[in-house]
>>> print(open('target.tsv').read())   # TSV, C-alpha atoms
chain	number	residue	atom	x	y	z
D	20	MET	CA	0.00	0.00	0.00
D	21	ASN	CA	2.88	2.36	0.75
D	22	LYS	CA	5.26	0.61	-1.54
D	23	LYS	CA	5.53	3.76	-3.60
D	24	LEU	CA	7.27	5.68	-0.82
D	25	GLN	CA	10.86	6.54	-1.66
D	26	THR	CA	13.20	8.45	0.62
D	27	VAL	CA	14.19	11.98	-0.44
D	28	ALA	CA	17.66	13.16	0.65
D	29	LEU	CA	17.21	15.79	3.37
D	30	ALA	CA	19.26	18.33	1.41
D	31	ASN	CA	16.79	17.91	-1.48
D	32	SER	CA	13.66	18.13	0.62
D	33	TYR	CA	13.20	21.87	-0.03
D	34	LEU	CA	12.45	20.93	-3.65
D	35	LEU	CA	9.20	19.37	-2.53
D	36	LEU	CA	7.92	22.79	-1.39
D	37	ASN	CA	9.85	25.17	-3.62
D	38	HIS	CA	7.05	25.60	-6.16
D	39	GLY	CA	4.53	26.59	-3.52
D	40	PRO	CA	1.99	23.74	-3.42
D	41	VAL	CA	-0.80	23.52	-0.88
D	42	THR	CA	-0.08	21.16	2.01
D	43	LEU	CA	-1.97	19.03	4.50
D	44	VAL	CA	-0.59	19.41	8.01
D	45	SER	CA	-1.01	16.32	10.18
D	46	SER	CA	-0.39	16.19	13.90
D	47	VAL	CA	-1.06	14.02	16.94
D	48	TYR	CA	-0.91	14.27	20.72
D	49	GLY	CA	-2.26	12.06	23.46
D	50	GLY	CA	-3.88	9.73	20.96
D	51	ARG	CA	-5.77	12.52	19.20
D	52	ALA	CA	-4.78	13.14	15.57
D	53	ASN	CA	-5.79	15.94	13.25
D	54	VAL	CA	-5.18	17.31	9.78
D	55	MET	CA	-5.54	20.83	8.38
D	56	ALA	CA	-4.98	22.42	4.97
D	57	ALA	CA	-2.22	25.05	4.70
D	58	SER	CA	-1.00	27.18	1.83
D	59	TRP	CA	1.26	29.16	4.13
D	60	SER	CA	4.23	26.85	4.37
D	61	MET	CA	7.59	27.15	2.62
D	62	PRO	CA	11.26	26.23	2.90
D	63	LEU	CA	13.46	28.32	5.20
D	64	ASP	CA	16.85	26.65	4.79
D	65	PHE	CA	18.63	23.94	2.82
D	66	ASP	CA	20.88	22.02	5.18
D	67	PRO	CA	19.81	21.13	7.73
D	68	PRO	CA	16.50	21.72	6.00
D	69	LYS	CA	14.00	23.91	7.78
D	70	VAL	CA	10.47	24.95	6.94
D	71	LEU	CA	8.05	27.69	7.96
D	72	LEU	CA	4.38	27.06	8.71
D	73	VAL	CA	1.62	29.39	9.90
D	74	ILE	CA	-0.83	27.74	12.34
D	75	ASP	CA	-3.78	29.78	13.56
D	76	SER	CA	-3.87	29.90	17.36
D	77	ARG	CA	-7.54	28.86	17.51
D	78	THR	CA	-7.09	25.52	15.75
D	79	LEU	CA	-6.87	22.04	17.18
D	80	THR	CA	-3.73	21.54	15.08
D	81	ARG	CA	-2.11	24.37	17.03
D	82	GLU	CA	-2.93	22.66	20.29
D	83	LEU	CA	-1.51	19.35	19.09
D	84	VAL	CA	1.66	20.90	17.60
D	85	ASP	CA	2.23	23.03	20.71
D	86	ALA	CA	2.00	19.88	22.84
D	87	SER	CA	3.93	17.46	20.62
D	88	GLY	CA	6.49	19.74	18.94
D	89	GLU	CA	5.97	17.85	15.68
D	90	PHE	CA	3.96	17.88	12.47
D	91	ALA	CA	4.07	16.43	8.99
D	92	LEU	CA	3.62	18.35	5.75
D	93	ASN	CA	1.82	16.14	3.23
D	94	ILE	CA	1.71	17.36	-0.36
D	95	PRO	CA	-1.55	16.28	-1.98
D	96	CYS	CA	-2.22	15.63	-5.67
D	97	ARG	CA	-5.10	16.94	-7.70
D	98	ASP	CA	-7.15	13.82	-7.10
D	99	LEU	CA	-7.23	14.72	-3.39
D	100	ALA	CA	-8.36	18.34	-3.95
D	101	GLU	CA	-11.90	17.77	-2.76
D	102	LYS	CA	-10.61	16.23	0.45
D	103	VAL	CA	-8.21	19.13	0.96
D	104	LEU	CA	-11.18	21.46	0.73
D	105	ALA	CA	-13.23	19.32	3.12
D	106	VAL	CA	-10.39	19.32	5.65
D	107	GLY	CA	-10.18	23.09	5.33
D	108	SER	CA	-13.83	23.56	6.20
D	109	LEU	CA	-14.19	21.05	9.07
D	110	SER	CA	-13.03	21.45	12.66
D	111	GLY	CA	-11.09	18.69	14.33
D	112	ARG	CA	-12.78	19.65	17.57
D	113	GLU	CA	-16.08	18.44	16.19
D	114	CYS	CA	-15.16	15.34	14.24
D	115	ASP	CA	-12.38	12.97	13.22
D	116	LYS	CA	-11.29	14.85	10.10
D	117	PHE	CA	-9.44	11.86	8.65
D	118	ALA	CA	-12.58	9.75	8.75
D	119	GLN	CA	-14.90	12.56	7.76
D	120	ALA	CA	-12.83	13.58	4.72
D	121	GLY	CA	-11.90	10.02	3.79
D	122	LEU	CA	-8.16	10.46	4.32
D	123	GLN	CA	-6.13	7.44	5.35
D	124	PRO	CA	-3.25	7.94	7.80
D	125	PHE	CA	-0.15	5.77	7.98
D	126	ALA	CA	2.85	5.80	10.31
D	127	ALA	CA	5.74	8.23	9.88
D	128	THR	CA	9.28	7.16	10.78
D	129	GLN	CA	10.76	9.96	12.90
D	130	ILE	CA	7.70	11.60	14.40
D	131	GLY	CA	4.42	10.54	15.96
D	132	ALA	CA	2.21	12.51	13.56
D	133	PRO	CA	0.73	10.30	10.83
D	134	LEU	CA	1.36	10.72	7.10
D	135	ILE	CA	-1.51	10.73	4.61
D	136	LEU	CA	-1.93	8.05	1.98
D	137	GLY	CA	-2.16	9.03	-1.68
D	138	CYS	CA	-0.13	12.22	-1.39
D	139	ALA	CA	2.79	13.00	-3.69
D	140	ALA	CA	5.34	13.72	-0.98
D	141	TRP	CA	5.78	13.99	2.77
D	142	LEU	CA	8.03	15.97	5.14
D	143	GLU	CA	8.38	14.90	8.77
D	144	CYS	CA	9.08	18.02	10.83
D	145	ARG	CA	10.20	18.79	14.38
D	146	VAL	CA	9.48	22.27	15.75
D	147	ILE	CA	12.41	24.51	16.70
D	148	PRO	CA	10.88	26.39	19.63
D	149	GLU	CA	10.63	30.12	18.96
D	150	PRO	CA	7.95	31.33	21.38
D	151	GLY	CA	8.14	34.93	20.11
D	152	ASN	CA	7.24	33.92	16.55
D	153	GLN	CA	4.65	31.42	17.70
D	154	ASN	CA	2.86	33.83	20.02
D	155	ARG	CA	3.12	37.03	18.00
D	156	TYR	CA	2.72	35.67	14.48
D	157	ASP	CA	1.36	32.08	14.72
D	158	LEU	CA	4.59	31.26	12.90
D	159	PHE	CA	6.41	27.95	13.37
D	160	ILE	CA	9.96	27.09	12.35
D	161	ALA	CA	10.69	23.38	12.09
D	162	GLU	CA	13.50	21.12	11.01
D	163	VAL	CA	12.75	18.50	8.38
D	164	VAL	CA	13.89	15.19	9.89
D	165	ALA	CA	12.72	12.84	7.12
D	166	ALA	CA	11.29	13.30	3.63
D	167	TRP	CA	9.54	10.95	1.22
D	168	ALA	CA	8.05	11.06	-2.24
D	169	ASP	CA	6.09	8.88	-4.60
D	170	PRO	CA	8.81	8.15	-7.20
D	171	GLU	CA	6.19	8.24	-9.96
D	172	VAL	CA	5.95	12.01	-9.45
D	173	PHE	CA	9.25	13.00	-7.78
D	174	SER	CA	12.63	11.32	-8.16
D	175	GLU	CA	16.26	12.33	-8.49
D	176	GLY	CA	15.46	15.80	-7.21
D	177	ARG	CA	12.78	16.64	-9.80
D	178	TRP	CA	9.03	16.61	-10.13
D	179	HIS	CA	7.72	14.83	-13.23
D	180	PHE	CA	3.98	14.51	-13.27
D	181	PRO	CA	2.73	11.53	-15.25
D	182	GLU	CA	-0.88	12.72	-15.49
D	183	ALA	CA	-3.11	15.60	-14.37
D	184	SER	CA	-4.62	13.67	-11.47
D	185	ARG	CA	-1.16	13.28	-9.90
D	186	ARG	CA	-0.08	16.91	-10.25
D	187	THR	CA	0.40	18.94	-7.11
D	188	ILE	CA	-2.03	21.80	-6.51
D	189	HIS	CA	-1.99	25.43	-5.38
D	190	TYR	CA	-4.86	27.02	-3.53
D	191	GLN	CA	-6.35	30.25	-4.80
D	192	ALA	CA	-9.55	30.99	-2.79
D	193	GLY	CA	-13.26	30.21	-2.70
D	194	GLY	CA	-12.83	26.51	-3.46
D	195	THR	CA	-10.63	27.19	-6.50
D	196	PHE	CA	-7.20	25.63	-7.03
D	197	PHE	CA	-4.59	25.75	-9.76
D	198	GLU	CA	-2.91	22.56	-10.75
D	199	THR	CA	0.87	22.76	-11.13
D	200	GLY	CA	1.25	23.55	-14.82
D	201	ASP	CA	3.68	22.45	-17.48
D	202	ALA	CA	7.38	22.55	-16.74
D	203	PHE	CA	9.61	24.61	-19.01
D	204	GLU	CA	13.31	25.18	-19.10
D	205	CYS	CA	15.07	28.47	-19.77
D	206	PRO	CA	18.28	28.45	-21.72
D	207	GLU	CA	21.18	29.37	-19.45
D	208	ALA	CA	21.16	33.11	-18.93
D	209	SER	CA	23.57	34.50	-21.48
D	210	GLN	CA	24.69	37.49	-19.42
P	6	MET	CA	3.18	52.38	-20.01
P	7	ASN	CA	1.89	51.54	-16.52
P	8	LYS	CA	-1.70	52.17	-17.37
P	9	LYS	CA	-2.46	48.56	-16.61
P	10	LEU	CA	-1.73	48.97	-12.90
P	11	GLN	CA	-4.82	48.59	-10.74
P	12	THR	CA	-4.85	48.84	-6.97
P	13	VAL	CA	-5.50	45.65	-4.98
P	14	ALA	CA	-7.28	46.05	-1.64
P	15	LEU	CA	-4.76	45.38	1.13
P	16	ALA	CA	-6.97	42.69	2.65
P	17	ASN	CA	-6.87	40.87	-0.72
P	18	SER	CA	-3.14	41.20	-1.25
P	19	TYR	CA	-2.38	37.75	0.19
P	20	LEU	CA	-4.18	36.31	-2.84
P	21	LEU	CA	-1.31	37.49	-5.01
P	22	LEU	CA	1.08	35.13	-3.21
P	23	ASN	CA	-1.24	32.40	-2.00
P	24	HIS	CA	-0.51	30.01	-4.89
P	25	GLY	CA	3.25	30.16	-4.32
P	26	PRO	CA	4.66	31.97	-7.39
P	27	VAL	CA	8.30	32.96	-7.72
P	28	THR	CA	8.96	36.64	-6.96
P	29	LEU	CA	11.44	39.33	-7.86
P	30	VAL	CA	12.56	41.29	-4.81
P	31	SER	CA	13.51	44.89	-5.56
P	32	SER	CA	15.23	47.23	-3.12
P	33	VAL	CA	17.10	50.53	-3.02
P	34	TYR	CA	19.29	52.45	-0.62
P	35	GLY	CA	21.49	55.48	-1.11
P	36	GLY	CA	20.77	55.58	-4.82
P	37	ARG	CA	21.76	51.97	-5.37
P	38	ALA	CA	18.97	49.65	-6.52
P	39	ASN	CA	18.96	45.89	-6.85
P	40	VAL	CA	16.72	42.97	-7.72
P	41	MET	CA	16.91	39.30	-6.76
P	42	ALA	CA	14.78	36.23	-7.47
P	43	ALA	CA	13.04	34.58	-4.52
P	44	SER	CA	10.85	31.52	-4.23
P	45	TRP	CA	10.90	31.71	-0.44
P	46	SER	CA	8.25	34.33	0.17
P	47	MET	CA	4.67	33.82	1.34
P	48	PRO	CA	1.81	35.50	3.19
P	49	LEU	CA	1.92	35.57	6.98
P	50	ASP	CA	-1.30	37.42	7.82
P	51	PHE	CA	-4.43	38.86	6.24
P	52	ASP	CA	-5.18	42.19	7.87
P	53	PRO	CA	-3.03	44.12	8.19
P	54	PRO	CA	-1.36	41.97	5.53
P	55	LYS	CA	2.09	40.67	6.30
P	56	VAL	CA	4.56	38.61	4.28
P	57	LEU	CA	7.62	36.48	4.96
P	58	LEU	CA	10.77	36.63	2.86
P	59	VAL	CA	14.11	34.85	3.20
P	60	ILE	CA	17.09	37.02	2.19
P	61	ASP	CA	20.56	35.43	2.29
P	62	SER	CA	22.92	37.45	4.48
P	63	ARG	CA	25.62	37.59	1.79
P	64	THR	CA	23.51	39.36	-0.82
P	65	LEU	CA	23.45	43.00	-1.84
P	66	THR	CA	19.67	42.89	-1.45
P	67	ARG	CA	20.16	42.06	2.23
P	68	GLU	CA	22.39	45.10	2.65
P	69	LEU	CA	19.86	47.37	0.95
P	70	VAL	CA	16.86	45.98	2.86
P	71	ASP	CA	18.73	46.14	6.18
P	72	ALA	CA	19.50	49.80	5.48
P	73	SER	CA	16.16	50.91	4.00
P	74	GLY	CA	13.68	48.69	5.86
P	75	GLU	CA	11.72	48.24	2.62
P	76	PHE	CA	11.38	45.99	-0.39
P	77	ALA	CA	8.91	45.21	-3.14
P	78	LEU	CA	7.72	41.76	-4.19
P	79	ASN	CA	7.14	41.75	-7.95
P	80	ILE	CA	5.34	38.72	-9.39
P	81	PRO	CA	6.68	37.98	-12.86
P	82	CYS	CA	4.84	36.30	-15.73
P	83	ARG	CA	6.13	33.48	-17.88
P	84	ASP	CA	7.43	35.87	-20.52
P	85	LEU	CA	9.89	37.22	-17.92
P	86	ALA	CA	11.19	33.78	-16.90
P	87	GLU	CA	14.52	34.14	-18.65
P	88	LYS	CA	15.11	37.46	-16.90
P	89	VAL	CA	14.18	35.93	-13.54
P	90	LEU	CA	16.83	33.31	-14.15
P	91	ALA	CA	19.38	35.92	-15.21
P	92	VAL	CA	18.69	37.95	-12.07
P	93	GLY	CA	19.14	34.79	-10.01
P	94	SER	CA	22.60	34.13	-11.43
P	95	LEU	CA	24.06	37.67	-11.40
P	96	SER	CA	25.39	39.61	-8.43
P	97	GLY	CA	24.29	43.18	-7.87
P	98	ARG	CA	27.75	43.85	-6.47
P	99	GLU	CA	29.21	43.32	-9.92
P	100	CYS	CA	26.67	44.92	-12.24
P	101	ASP	CA	23.41	46.82	-12.49
P	102	LYS	CA	21.11	43.83	-12.57
P	103	PHE	CA	18.17	45.79	-13.96
P	104	ALA	CA	20.22	46.87	-16.98
P	105	GLN	CA	22.00	43.55	-17.35
P	106	ALA	CA	18.81	41.48	-17.27
P	107	GLY	CA	16.77	44.01	-19.25
P	108	LEU	CA	14.30	44.75	-16.47
P	109	GLN	CA	12.70	48.17	-16.38
P	110	PRO	CA	12.03	49.78	-12.98
P	111	PHE	CA	9.28	52.27	-12.24
P	112	ALA	CA	8.37	54.19	-9.10
P	113	ALA	CA	6.39	52.64	-6.25
P	114	THR	CA	3.97	54.74	-4.22
P	115	GLN	CA	4.67	54.01	-0.55
P	116	ILE	CA	8.29	52.89	-0.59
P	117	GLY	CA	11.54	53.92	-2.26
P	118	ALA	CA	12.23	50.53	-3.85
P	119	PRO	CA	11.27	50.43	-7.53
P	120	LEU	CA	8.66	48.14	-9.06
P	121	ILE	CA	9.38	46.12	-12.19
P	122	LEU	CA	7.57	46.69	-15.44
P	123	GLY	CA	5.78	43.81	-17.14
P	124	CYS	CA	5.05	41.87	-13.96
P	125	ALA	CA	1.59	40.56	-13.10
P	126	ALA	CA	1.38	42.06	-9.60
P	127	TRP	CA	3.34	44.04	-7.05
P	128	LEU	CA	3.44	44.27	-3.25
P	129	GLU	CA	5.11	47.23	-1.57
P	130	CYS	CA	6.46	46.06	1.79
P	131	ARG	CA	7.88	47.68	4.93
P	132	VAL	CA	9.99	45.51	7.24
P	133	ILE	CA	8.77	44.87	10.79
P	134	PRO	CA	12.11	44.69	12.61
P	135	GLU	CA	12.69	41.27	14.17
P	136	PRO	CA	16.47	41.09	14.64
P	137	GLY	CA	16.36	37.56	16.05
P	138	ASN	CA	14.70	36.16	12.90
P	139	GLN	CA	16.86	38.26	10.60
P	140	ASN	CA	20.14	37.25	12.23
P	141	ARG	CA	19.42	33.61	13.02
P	142	TYR	CA	17.32	32.64	10.00
P	143	ASP	CA	17.75	35.35	7.31
P	144	LEU	CA	13.99	35.68	7.75
P	145	PHE	CA	12.16	38.97	7.25
P	146	ILE	CA	8.63	39.84	8.29
P	147	ALA	CA	7.12	42.82	6.49
P	148	GLU	CA	3.81	44.63	6.29
P	149	VAL	CA	2.26	45.08	2.86
P	150	VAL	CA	1.58	48.82	2.54
P	151	ALA	CA	0.34	48.89	-1.06
P	152	ALA	CA	-0.55	46.25	-3.67
P	153	TRP	CA	-1.13	46.40	-7.41
P	154	ALA	CA	-2.02	44.05	-10.21
P	155	ASP	CA	-2.41	44.06	-13.97
P	156	PRO	CA	-6.21	43.74	-14.25
P	157	GLU	CA	-5.81	41.57	-17.32
P	158	VAL	CA	-4.49	38.78	-15.06
P	159	PHE	CA	-5.86	39.65	-11.59
P	160	SER	CA	-9.04	41.50	-10.71
P	161	GLU	CA	-11.84	41.29	-8.16
P	162	GLY	CA	-9.72	39.06	-5.96
P	163	ARG	CA	-9.02	36.37	-8.57
P	164	TRP	CA	-6.31	35.39	-11.04
P	165	HIS	CA	-7.55	34.79	-14.58
P	166	PHE	CA	-4.74	34.22	-17.02
P	167	PRO	CA	-5.61	35.23	-20.58
P	168	GLU	CA	-2.68	33.39	-22.21
P	169	ALA	CA	0.33	31.23	-21.27
P	170	SER	CA	2.82	34.08	-21.59
P	171	ARG	CA	1.01	36.01	-18.84
P	172	ARG	CA	0.73	33.15	-16.36
P	173	THR	CA	2.66	33.39	-13.12
P	174	ILE	CA	5.50	30.91	-12.62
P	175	HIS	CA	6.93	28.66	-9.92
P	176	TYR	CA	10.60	27.81	-9.69
P	177	GLN	CA	11.69	24.21	-9.49
P	178	ALA	CA	15.51	24.05	-9.83
P	179	GLY	CA	18.26	23.93	-12.45
P	180	GLY	CA	16.68	26.55	-14.69
P	181	THR	CA	13.32	24.78	-14.73
P	182	PHE	CA	10.02	26.46	-13.85
P	183	PHE	CA	6.40	25.39	-13.79
P	184	GLU	CA	3.82	27.75	-15.14
P	185	THR	CA	0.72	28.18	-13.01
P	186	GLY	CA	-1.60	25.55	-14.46
P	187	ASP	CA	-5.31	25.46	-15.14
P	188	ALA	CA	-7.72	26.57	-12.45
P	189	PHE	CA	-10.33	24.13	-11.24
P	190	GLU	CA	-13.14	24.41	-8.78
P	191	CYS	CA	-14.20	21.80	-6.26
P	192	PRO	CA	-17.87	21.39	-5.45
P	193	GLU	CA	-18.54	22.54	-1.90
P	194	ALA	CA	-17.44	19.82	0.46
P	195	SER	CA	-20.53	17.83	1.27
P	196	GLN	CA	-19.54	16.90	4.80
>>> encode(input="target.tsv", output="structure tokens")
Amino acid sequence: MNKKLQTVALANSYLLLNHGPVTLVSSVYGGRANVMAASWSMPLDFDPPKVLLVIDSRTLTRELVDASGEFALNIPCRDLAEKVLAVGSLSGRECDKFAQAGLQPFAATQIGAPLILGCAAWLECRVIPEPGNQNRYDLFIAEVVAAWADPEVFSEGRWHFPEASRRTIHYQAGGTFFETGDAFECPEASQ
Amino acid sequence: MNKKLQTVALANSYLLLNHGPVTLVSSVYGGRANVMAASWSMPLDFDPPKVLLVIDSRTLTRELVDASGEFALNIPCRDLAEKVLAVGSLSGRECDKFAQAGLQPFAATQIGAPLILGCAAWLECRVIPEPGNQNRYDLFIAEVVAAWADPEVFSEGRWHFPEASRRTIHYQAGGTFFETGDAFECPEASQ
């Protein structure tokens, strides 16, 4: 079922986020797991790799990440878009969002937070405590401690989408996404 | 020449960055202007709107932003991709990157840093000093004090790309970009 998981070198893990896809943030504490949708995540550093993530202070995810110091960034494909939207409009305080949205968790390797089946890539992250950022800006800095990708869509440090349903997606607003479009190469700058 | 500029309500300015496009960061201090390419920028807050931007400590842009407390995020279209790449491989210490890459600056309204002609959208930003983030992580937090878009590609809070050459772009690596792909809407989550 997870046979497609292939490890991504930590120094390459920023490439999973570099093009700005939407993410699903999964977390767990005390046996309670949750997942939220987040567009506001990006790389912060290459090696050791770090990421930034904004987590609203009123969310259950915030509570779980504050308590556990961990989260996973899951990068969904287009065929999960409807579930991303569902997750974004439900509250984990009122239901089990995995069950409600039809998302299937599986075990990560370095952190307790689950990963989400069917995504294109996964980053396991451990929070670097920065209370000032967390309290003033809802901003979290975390180190990427493991990274994985489905080799059908990402391998040898590059995305290569076999079909539209497996492209990563970018959230606009009001239930509208963009799929990641065609890749194009620029000739080396001649200057 | 800049007739196409239309103001974007500050509370909507996060929509310009929400889908994760590459940006051109322009800055000026003491009569010296510079521009760099940056994938690592994203929204941090809605209202007042704030953004995050990573600026390597060794760059001229860092020097100019440290001194001026301002920068602009310019969002280029696909037809500027080659110039984005050129800007990413030149050093402002060694040449005038605007001239060298063939980018044309024009005046912003709220900040000294110039905006770049031919882009799809522009955010004028004023740094909120956070020395800890700047020194430890090369991370800048800034407030968006004005925002603009070419109404042919962004209006009434939505992107609508008329043709491929005017789509925004996302950087992968090694001279390869993705264009922003087709938009698609999900039916309201039924849960």
>>> residues_near_point(input="target.tsv", point="(9.6, 46.6, -16.6)", cutoff="8 Å", atoms="all atoms listed in the file", output="ChimeraX atom specification")
/P:108-111,120-124
>>> atom_distance(input="target.tsv", atom1="CA of Asn23 in chain P", atom2="CA of Gly162 in chain P")
11.5 Å
>>> residues_around(input="target.tsv", residues="range 150-152 of chain P", least_positions_apart="4", cutoff="7 Å", atoms="all atoms listed in the file", output="JSON, numbers by chain")
{"P": [12, 13, 15, 18, 115, 127, 128, 129, 130, 131]}
>>> write_last_selection(input="target.tsv", atoms="C-alpha atoms", output="JSON list (two decimals), keeping the file's coordinate frame")
[["chain", "number", "residue", "atom", "x", "y", "z"],
["P", 12, "THR", "CA", -4.85, 48.84, -6.97],
["P", 13, "VAL", "CA", -5.50, 45.65, -4.98],
["P", 15, "LEU", "CA", -4.76, 45.38, 1.13],
["P", 18, "SER", "CA", -3.14, 41.20, -1.25],
["P", 115, "GLN", "CA", 4.67, 54.01, -0.55],
["P", 127, "TRP", "CA", 3.34, 44.04, -7.05],
["P", 128, "LEU", "CA", 3.44, 44.27, -3.25],
["P", 129, "GLU", "CA", 5.11, 47.23, -1.57],
["P", 130, "CYS", "CA", 6.46, 46.06, 1.79],
["P", 131, "ARG", "CA", 7.88, 47.68, 4.93]]
>>> closest_atom_pairs(input="target.tsv", of="chain P", to="chain D", cutoff="7 Å", atoms="only C-alpha atoms", output="Markdown table")
| residue | atom | partner | partner_atom | distance |
| --- | --- | --- | --- | --- |
| P:Leu20 | CA | D:Gln191 | CA | 6.7 |
| P:Asn23 | CA | D:Gln191 | CA | 6.2 |
| P:His24 | CA | D:His189 | CA | 4.8 |
| P:Gly25 | CA | D:Gly39 | CA | 3.9 |
| P:Pro26 | CA | D:Gly39 | CA | 6.6 |
| P:Ser44 | CA | D:Asn37 | CA | 6.5 |
| P:Trp45 | CA | D:Met61 | CA | 6.4 |
| P:Met47 | CA | D:Trp59 | CA | 6.4 |
| P:Pro48 | CA | D:Trp59 | CA | 6.4 |
| P:Leu49 | CA | D:Val73 | CA | 6.8 |
| P:Val59 | CA | D:Leu63 | CA | 6.9 |
| P:Glu87 | CA | D:Cys205 | CA | 5.8 |
| P:Leu90 | CA | D:Ala208 | CA | 6.5 |
| P:Ala91 | CA | D:Ala208 | CA | 5.0 |
| P:Gln105 | CA | D:Gln210 | CA | 6.9 |
| P:His175 | CA | D:His38 | CA | 4.8 |
| P:Tyr176 | CA | D:His38 | CA | 5.5 |
| P:Gln177 | CA | D:His38 | CA | 5.9 |
| P:Gly180 | CA | D:Cys205 | CA | 5.7 |
| P:Thr181 | CA | D:Glu204 | CA | 4.4 |
| P:Phe182 | CA | D:Phe203 | CA | 5.5 |
| P:Phe183 | CA | D:Ala202 | CA | 4.2 |
| P:Glu184 | CA | D:Gly200 | CA | 4.9 |
| P:Thr185 | CA | D:Gly200 | CA | 5.0 |
| P:Gly186 | CA | D:Gly200 | CA | 3.5 |
| P:Asp187 | CA | D:Phe197 | CA | 5.4 |
| P:Ala188 | CA | D:Phe197 | CA | 4.2 |
| P:Phe189 | CA | D:Phe196 | CA | 5.5 |
| P:Glu190 | CA | D:Thr195 | CA | 4.4 |
| P:Cys191 | CA | D:Gly194 | CA | 5.6 |
| P:Ala194 | CA | D:Ala105 | CA | 5.0 |
| P:Gln196 | CA | D:Ala105 | CA | 7.0 |
>>> atom_distance(input="target.tsv", atom1="CA of Val70 in chain P", atom2="CA of Phe65 in chain D")
22.1 Å
>>> closest_residue(input="target.tsv", among="D:Ala28, D:Ala127, D:Ala91, D:Cys96", to="Val146 in chain D", atoms="all atoms listed in the file")
D:Ala91
>>> atom_distance(input="target.tsv", atom1="CA of Pro136 in chain P", atom2="CA of Asp52 in chain P")
22.7 Å
>>> closest_residue(input="target.tsv", among="P:Ala112, P:Ala125, P:Leu85, P:Ile80", to="Lys9 in chain P", atoms="only C-alpha atoms")
P:Ala125
>>> closest_residue(input="target.tsv", among="P:Ala169, P:Ala154, P:Ala118, P:Leu10", to="Ala72 in chain P", atoms="only C-alpha atoms")
P:Ala118
>>> closest_residue(input="target.tsv", among="D:Gly88, D:Pro170, D:Pro181, D:Pro67", to="Gly131 in chain D", atoms="only C-alpha atoms")
D:Gly88
>>> residues_around(input="target.tsv", residues="range 49-51 of chain D", least_positions_apart="4", cutoff="12 Å", atoms="all atoms listed in the file", output="list in words")
Ser45, Leu79, Thr80, Glu82, Leu83, Val84, Ala86, Ser87, Gly111, Arg112, Cys114, Asp115, Lys116, Phe117, Gly131, Ala132 and Pro133 of chain D
>>> build_atoms(input="target.tsv", residues="range 30-41 of chain P", atoms="N, CA and C atoms", output="PDB file, in the frame of the given file")
ATOM      1  N   VAL P  30      12.482  40.384  -5.957  1.00  0.00           N
ATOM      2  CA  VAL P  30      12.560  41.290  -4.810  1.00  0.00           C
ATOM      3  C   VAL P  30      13.389  42.499  -5.221  1.00  0.00           C
ATOM      4  N   SER P  31      12.769  43.674  -5.203  1.00  0.00           N
ATOM      5  CA  SER P  31      13.510  44.890  -5.560  1.00  0.00           C
ATOM      6  C   SER P  31      13.726  45.737  -4.310  1.00  0.00           C
ATOM      7  N   SER P  32      14.861  46.437  -4.292  1.00  0.00           N
ATOM      8  CA  SER P  32      15.230  47.230  -3.120  1.00  0.00           C
ATOM      9  C   SER P  32      16.120  48.374  -3.563  1.00  0.00           C
ATOM     10  N   VAL P  33      16.239  49.381  -2.699  1.00  0.00           N
ATOM     11  CA  VAL P  33      17.100  50.530  -3.020  1.00  0.00           C
ATOM     12  C   VAL P  33      17.593  51.128  -1.710  1.00  0.00           C
ATOM     13  N   TYR P  34      18.801  51.640  -1.742  1.00  0.00           N
ATOM     14  CA  TYR P  34      19.290  52.450  -0.620  1.00  0.00           C
ATOM     15  C   TYR P  34      20.447  53.318  -1.122  1.00  0.00           C
ATOM     16  N   GLY P  35      20.411  54.568  -0.737  1.00  0.00           N
ATOM     17  CA  GLY P  35      21.490  55.480  -1.110  1.00  0.00           C
ATOM     18  C   GLY P  35      21.729  55.526  -2.607  1.00  0.00           C
ATOM     19  N   GLY P  36      20.641  55.461  -3.374  1.00  0.00           N
ATOM     20  CA  GLY P  36      20.770  55.580  -4.820  1.00  0.00           C
ATOM     21  C   GLY P  36      21.163  54.304  -5.526  1.00  0.00           C
ATOM     22  N   ARG P  37      21.396  53.232  -4.746  1.00  0.00           N
ATOM     23  CA  ARG P  37      21.760  51.970  -5.370  1.00  0.00           C
ATOM     24  C   ARG P  37      20.550  51.033  -5.313  1.00  0.00           C
ATOM     25  N   ALA P  38      20.139  50.538  -6.471  1.00  0.00           N
ATOM     26  CA  ALA P  38      18.970  49.650  -6.520  1.00  0.00           C
ATOM     27  C   ALA P  38      19.416  48.250  -6.900  1.00  0.00           C
ATOM     28  N   ASN P  39      18.628  47.267  -6.489  1.00  0.00           N
ATOM     29  CA  ASN P  39      18.960  45.890  -6.850  1.00  0.00           C
ATOM     30  C   ASN P  39      17.684  45.059  -6.964  1.00  0.00           C
ATOM     31  N   VAL P  40      17.848  43.900  -7.568  1.00  0.00           N
ATOM     32  CA  VAL P  40      16.720  42.970  -7.720  1.00  0.00           C
ATOM     33  C   VAL P  40      17.268  41.554  -7.586  1.00  0.00           C
ATOM     34  N   MET P  41      16.536  40.718  -6.864  1.00  0.00           N
ATOM     35  CA  MET P  41      16.910  39.300  -6.760  1.00  0.00           C
ATOM     36  C   MET P  41      15.671  38.441  -6.975  1.00  0.00           C
TER      37      MET P  41
END
